Amino acid sequence: QVQLVESGGGSVQAGGSLKLSCVVSELNFPDCSVAWYRHFPNDQRELVARISAESSTFYADSVKGRFAVSRDNSRNTVSLHMNSLKPADTAVYYCKVDQIGDIKYAYWGDGTQVTVSA
């Protein structure tokens with residue numbers, strides 16, 4: 001059974017850092033492209049970052065220069081390093097396998113809460 005398990009969320013003060021991890025199982029992970037999304041309390045959703053199977057990266061303008069996405073194929077893990085956190089970063093963060101090879105998919109994790117206080 002395909003599973004994506006996020007971890008690393010929590011509460012932090014503004015200016016702090018957190019590292020989120022997403023462990024993917026039952027997929028050929030080196031072929032997976034993985035995205036991080038966040039859902040805000042107002043129900044809006046934003047694509048935060050993405051890393052392709054070839055390790056090409058994308059970042060939303062709102063996090064450029066503060067967040068970094070990386071992957072470790074030996075551990076089937078994608079990480080999101082979040083620095084200089086702001087209260088506006090408060091959201092539930094989800095990872096998603098959105099592509100395997102050339103084929104689009106949509107496997108989601110259950111999310112992890114990030115709360116940034118002023």
# chains A, B, ... in the order shown; residues from 1 in each chain; ligands from 1
>>> select_by_dssp(residues="chain A", states="strand (DSSP E or B)", output="NGL selection string")
:A and (3-7 or 10-13 or 18-25 or 32-39 or 45-51 or 57-59 or 67-72 or 77-82 or 91-100 or 103-108 or 112-117)
>>> atom_distance(atom1="CA of Phe29 in chain A", atom2="CA of Gly9 in chain A")
22.5 Å
>>> closest_residue(among="A:Ser33, A:Gln3, A:Ser11, A:Ser17", to="Thr90 in chain A", atoms="only C-alpha atoms")
A:Ser11
>>> residues_around(residues="Tyr93 in chain A", least_positions_apart="3", cutoff="10 Å", atoms="only C-alpha atoms", output="CSV table (one decimal) with all heavy atoms, in the first residue's frame")
chain,number,residue,atom,x,y,z
A,6,GLU,N,4.4,12.3,6.6
A,6,GLU,CA,5.1,13.6,6.9
A,6,GLU,C,5.4,13.6,8.4
A,6,GLU,O,4.7,13.1,9.2
A,6,GLU,CB,4.2,14.8,6.6
A,6,GLU,CG,3.8,14.9,5.1
A,6,GLU,CD,2.4,14.4,4.9
A,6,GLU,OE1,1.9,13.6,5.7
A,6,GLU,OE2,1.7,14.9,3.9
A,7,SER,N,6.5,14.3,8.7
A,7,SER,CA,6.8,14.5,10.1
A,7,SER,C,7.6,15.8,10.2
A,7,SER,O,8.1,16.4,9.2
A,7,SER,CB,7.6,13.3,10.7
A,7,SER,OG,8.9,13.2,9.9
A,9,GLY,N,6.6,18.7,11.8
A,9,GLY,CA,5.8,19.9,12.1
A,9,GLY,C,5.9,20.2,13.6
A,9,GLY,O,6.4,19.5,14.4
A,20,LEU,N,10.7,19.6,7.7
A,20,LEU,CA,9.7,18.6,7.5
A,20,LEU,C,10.3,17.5,6.6
A,20,LEU,O,11.1,17.7,5.8
A,20,LEU,CB,8.5,19.2,6.7
A,20,LEU,CG,7.9,20.4,7.3
A,20,LEU,CD1,6.6,20.8,6.5
A,20,LEU,CD2,7.5,20.2,8.8
A,36,TRP,N,5.5,19.7,-2.1
A,36,TRP,CA,5.0,20.1,-0.8
A,36,TRP,C,3.9,21.2,-1.0
A,36,TRP,O,4.1,22.2,-1.7
A,36,TRP,CB,6.1,20.7,0.1
A,36,TRP,CG,7.0,19.7,0.7
A,36,TRP,CD1,8.2,19.3,0.2
A,36,TRP,CD2,6.8,18.9,1.9
A,36,TRP,NE1,8.8,18.4,1.0
A,36,TRP,CE2,7.9,18.1,2.0
A,36,TRP,CE3,5.8,18.9,2.8
A,36,TRP,CZ2,8.1,17.2,3.1
A,36,TRP,CZ3,5.9,18.0,3.9
A,36,TRP,CH2,7.0,17.2,4.0
A,37,TYR,N,2.7,21.0,-0.4
A,37,TYR,CA,1.7,21.9,-0.5
A,37,TYR,C,1.4,22.4,1.0
A,37,TYR,O,1.7,21.7,1.9
A,37,TYR,CB,0.4,21.3,-1.0
A,37,TYR,CG,0.4,21.1,-2.5
A,37,TYR,CD1,1.0,20.0,-3.1
A,37,TYR,CD2,-0.3,22.0,-3.3
A,37,TYR,CE1,0.9,19.9,-4.5
A,37,TYR,CE2,-0.3,21.9,-4.7
A,37,TYR,CZ,0.3,20.8,-5.3
A,37,TYR,OH,0.3,20.6,-6.6
A,38,ARG,N,0.7,23.5,1.1
A,38,ARG,CA,0.2,23.9,2.4
A,38,ARG,C,-1.2,24.4,2.3
A,38,ARG,O,-1.6,25.0,1.3
A,38,ARG,CB,1.1,24.9,3.1
A,38,ARG,CG,1.3,26.2,2.3
A,38,ARG,CD,2.4,27.1,3.1
A,38,ARG,NE,2.6,28.3,2.4
A,38,ARG,CZ,3.5,29.2,2.8
A,38,ARG,NH1,4.3,28.9,3.8
A,38,ARG,NH2,3.7,30.3,2.1
A,39,HIS,N,-2.0,24.0,3.3
A,39,HIS,CA,-3.4,24.4,3.4
A,39,HIS,C,-3.5,25.4,4.6
A,39,HIS,O,-3.2,25.1,5.7
A,39,HIS,CB,-4.3,23.2,3.7
A,39,HIS,CG,-4.5,22.3,2.5
A,39,HIS,ND1,-5.6,21.6,2.2
A,39,HIS,CD2,-3.6,22.0,1.5
A,39,HIS,CE1,-5.4,20.9,1.1
A,39,HIS,NE2,-4.2,21.1,0.7
A,40,PHE,N,-4.0,26.6,4.2
A,40,PHE,CA,-4.1,27.6,5.2
A,40,PHE,C,-5.4,27.5,6.0
A,40,PHE,O,-6.4,26.8,5.5
A,40,PHE,CB,-4.0,29.0,4.6
A,40,PHE,CG,-2.7,29.3,3.9
A,40,PHE,CD1,-2.6,29.2,2.6
A,40,PHE,CD2,-1.6,29.6,4.7
A,40,PHE,CE1,-1.3,29.5,2.0
A,40,PHE,CE2,-0.4,29.8,4.2
A,40,PHE,CZ,-0.2,29.8,2.8
A,45,ARG,N,-5.1,26.7,-0.6
A,45,ARG,CA,-4.0,25.8,-0.8
A,45,ARG,C,-2.9,26.4,-1.7
A,45,ARG,O,-3.2,27.1,-2.7
A,45,ARG,CB,-4.5,24.5,-1.4
A,45,ARG,CG,-3.4,23.4,-1.4
A,45,ARG,CD,-4.0,22.1,-1.9
A,45,ARG,NE,-4.3,22.1,-3.3
A,45,ARG,CZ,-4.8,21.0,-3.9
A,45,ARG,NH1,-5.1,19.9,-3.3
A,45,ARG,NH2,-5.1,21.1,-5.2
A,46,GLU,N,-1.7,26.2,-1.3
A,46,GLU,CA,-0.6,26.7,-2.1
A,46,GLU,C,0.5,25.6,-2.3
A,46,GLU,O,0.9,24.9,-1.4
A,46,GLU,CB,0.1,27.9,-1.3
A,46,GLU,CG,1.3,28.5,-2.0
A,46,GLU,CD,1.9,29.6,-1.2
A,46,GLU,OE1,2.0,29.5,0.0
A,46,GLU,OE2,2.4,30.6,-1.9
A,47,LEU,N,1.0,25.6,-3.6
A,47,LEU,CA,2.1,24.7,-3.9
A,47,LEU,C,3.4,25.5,-3.3
A,47,LEU,O,3.7,26.6,-3.8
A,47,LEU,CB,2.3,24.5,-5.4
A,47,LEU,CG,3.6,23.8,-5.9
A,47,LEU,CD1,3.7,22.5,-5.2
A,47,LEU,CD2,3.6,23.8,-7.4
A,48,VAL,N,4.1,24.9,-2.4
A,48,VAL,CA,5.2,25.5,-1.7
A,48,VAL,C,6.5,25.2,-2.5
A,48,VAL,O,7.3,26.2,-2.7
A,48,VAL,CB,5.3,25.0,-0.3
A,48,VAL,CG1,6.5,25.6,0.4
A,48,VAL,CG2,4.0,25.3,0.5
A,80,LEU,N,11.8,19.3,3.6
A,80,LEU,CA,11.6,20.7,3.3
A,80,LEU,C,12.2,21.4,4.5
A,80,LEU,O,11.7,21.3,5.7
A,80,LEU,CB,10.1,21.0,3.2
A,80,LEU,CG,9.7,22.4,2.9
A,80,LEU,CD1,10.2,22.8,1.5
A,80,LEU,CD2,8.2,22.7,3.0
A,89,ASP,N,3.3,31.6,7.5
A,89,ASP,CA,3.6,30.3,7.1
A,89,ASP,C,2.8,29.2,7.8
A,89,ASP,O,2.9,28.0,7.6
A,89,ASP,CB,5.1,30.0,7.3
A,89,ASP,CG,6.0,30.8,6.5
A,89,ASP,OD1,5.7,31.0,5.3
A,89,ASP,OD2,7.1,31.3,7.0
A,90,THR,N,2.0,29.7,8.8
A,90,THR,CA,1.2,28.8,9.6
A,90,THR,C,0.2,28.1,8.7
A,90,THR,O,-0.6,28.7,7.9
A,90,THR,CB,0.4,29.5,10.7
A,90,THR,OG1,1.4,30.0,11.6
A,90,THR,CG2,-0.6,28.6,11.4
A,109,GLY,N,0.1,12.6,1.5
A,109,GLY,CA,0.2,12.3,2.9
A,109,GLY,C,-0.9,12.9,3.7
A,109,GLY,O,-1.8,13.5,3.2
A,110,ASP,N,-0.9,12.6,5.0
A,110,ASP,CA,-1.9,13.1,5.9
A,110,ASP,C,-1.7,14.5,6.4
A,110,ASP,O,-2.6,15.1,7.1
A,110,ASP,CB,-2.1,12.1,7.0
A,110,ASP,CG,-2.8,10.8,6.6
A,110,ASP,OD1,-3.5,10.8,5.5
A,110,ASP,OD2,-2.5,9.8,7.2
A,111,GLY,N,-0.5,15.0,6.2
A,111,GLY,CA,-0.2,16.4,6.6
A,111,GLY,C,0.4,16.5,8.0
A,111,GLY,O,0.3,15.6,8.8
A,112,THR,N,1.1,17.6,8.2
A,112,THR,CA,1.7,17.9,9.5
A,112,THR,C,1.5,19.4,9.7
A,112,THR,O,1.7,20.3,8.8
A,112,THR,CB,3.2,17.5,9.5
A,112,THR,OG1,3.7,17.7,10.8
A,112,THR,CG2,4.0,18.3,8.5
A,113,GLN,N,1.1,19.8,10.9
A,113,GLN,CA,0.8,21.2,11.3
A,113,GLN,C,2.1,21.9,11.6
A,113,GLN,O,2.9,21.5,12.3
A,113,GLN,CB,-0.2,21.2,12.5
A,113,GLN,CG,-0.5,22.6,13.0
A,113,GLN,CD,-1.4,23.4,12.1
A,113,GLN,OE1,-2.4,22.8,11.6
A,113,GLN,NE2,-1.0,24.6,11.8
A,114,VAL,N,2.1,23.1,11.0
A,114,VAL,CA,3.2,24.1,11.3
A,114,VAL,C,2.5,25.3,11.8
A,114,VAL,O,1.7,25.9,11.1
A,114,VAL,CB,4.1,24.4,10.1
A,114,VAL,CG1,5.0,25.5,10.4
A,114,VAL,CG2,4.8,23.2,9.7
>>> closest_residue(among="A:Ala118, A:Ala91, A:Tyr107, A:Ala35", to="Gln1 in chain A", atoms="only C-alpha atoms")
A:Tyr107
>>> atom_distance(atom1="CA of Asn83 in chain A", atom2="CA of Val69 in chain A")
11.6 Å
>>> residues_around(residues="Lys19 in chain A", least_positions_apart="3", cutoff="6 Å", atoms="only C-alpha atoms", output="compact mmCIF listing (two decimals) with N, CA, C and O atoms, in the first residue's frame")
# COMPACT_ATOMS: atom_id res chain seq x y z
N GLY A 8 7.80 16.27 11.44
CA GLY A 8 8.64 17.44 11.66
C GLY A 8 7.90 18.73 11.93
O GLY A 8 8.53 19.76 12.21
N LEU A 80 11.83 19.25 3.58
CA LEU A 80 11.59 20.67 3.35
C LEU A 80 12.20 21.42 4.53
O LEU A 80 11.72 21.32 5.66
N HIS A 81 13.28 22.14 4.27
CA HIS A 81 13.95 22.91 5.28
C HIS A 81 13.36 24.32 5.25
O HIS A 81 13.42 25.00 4.22
N MET A 82 12.79 24.73 6.37
CA MET A 82 12.09 26.00 6.43
C MET A 82 12.81 26.92 7.42
O MET A 82 12.91 26.59 8.61
>>> closest_residue(among="A:Ala68, A:Val116, A:Ala60, A:Ile103", to="Ser21 in chain A", atoms="only C-alpha atoms")
A:Ala68
>>> select_by_dssp(residues="chain A", states="helix (DSSP H, G or I)", output="compact mmCIF listing (two decimals) with C-alpha atoms, in the first residue's frame")
# COMPACT_ATOMS: atom_id res chain seq x y z
CA PHE A 29 11.01 6.49 -5.20
CA PRO A 30 13.89 7.52 -7.49
CA ASP A 31 11.32 7.96 -10.27
CA ASN A 73 16.80 8.41 -2.55
CA SER A 74 18.56 5.99 -0.20
CA ARG A 75 15.94 6.78 2.47
CA PRO A 87 3.25 33.72 11.09
CA ALA A 88 1.96 33.68 7.49
CA ASP A 89 3.63 30.27 7.09
>>> closest_residue(among="A:Val34, A:Ser79, A:Val2, A:Asp43", to="Phe58 in chain A", atoms="only C-alpha atoms")
A:Val34
>>> atom_distance(atom1="CA of Val97 in chain A", atom2="CA of Val63 in chain A")
20.1 Å
>>> closest_residue(among="A:Cys32, A:Cys95, A:Lys86, A:Leu4", to="Ala49 in chain A", atoms="only C-alpha atoms")
A:Cys95
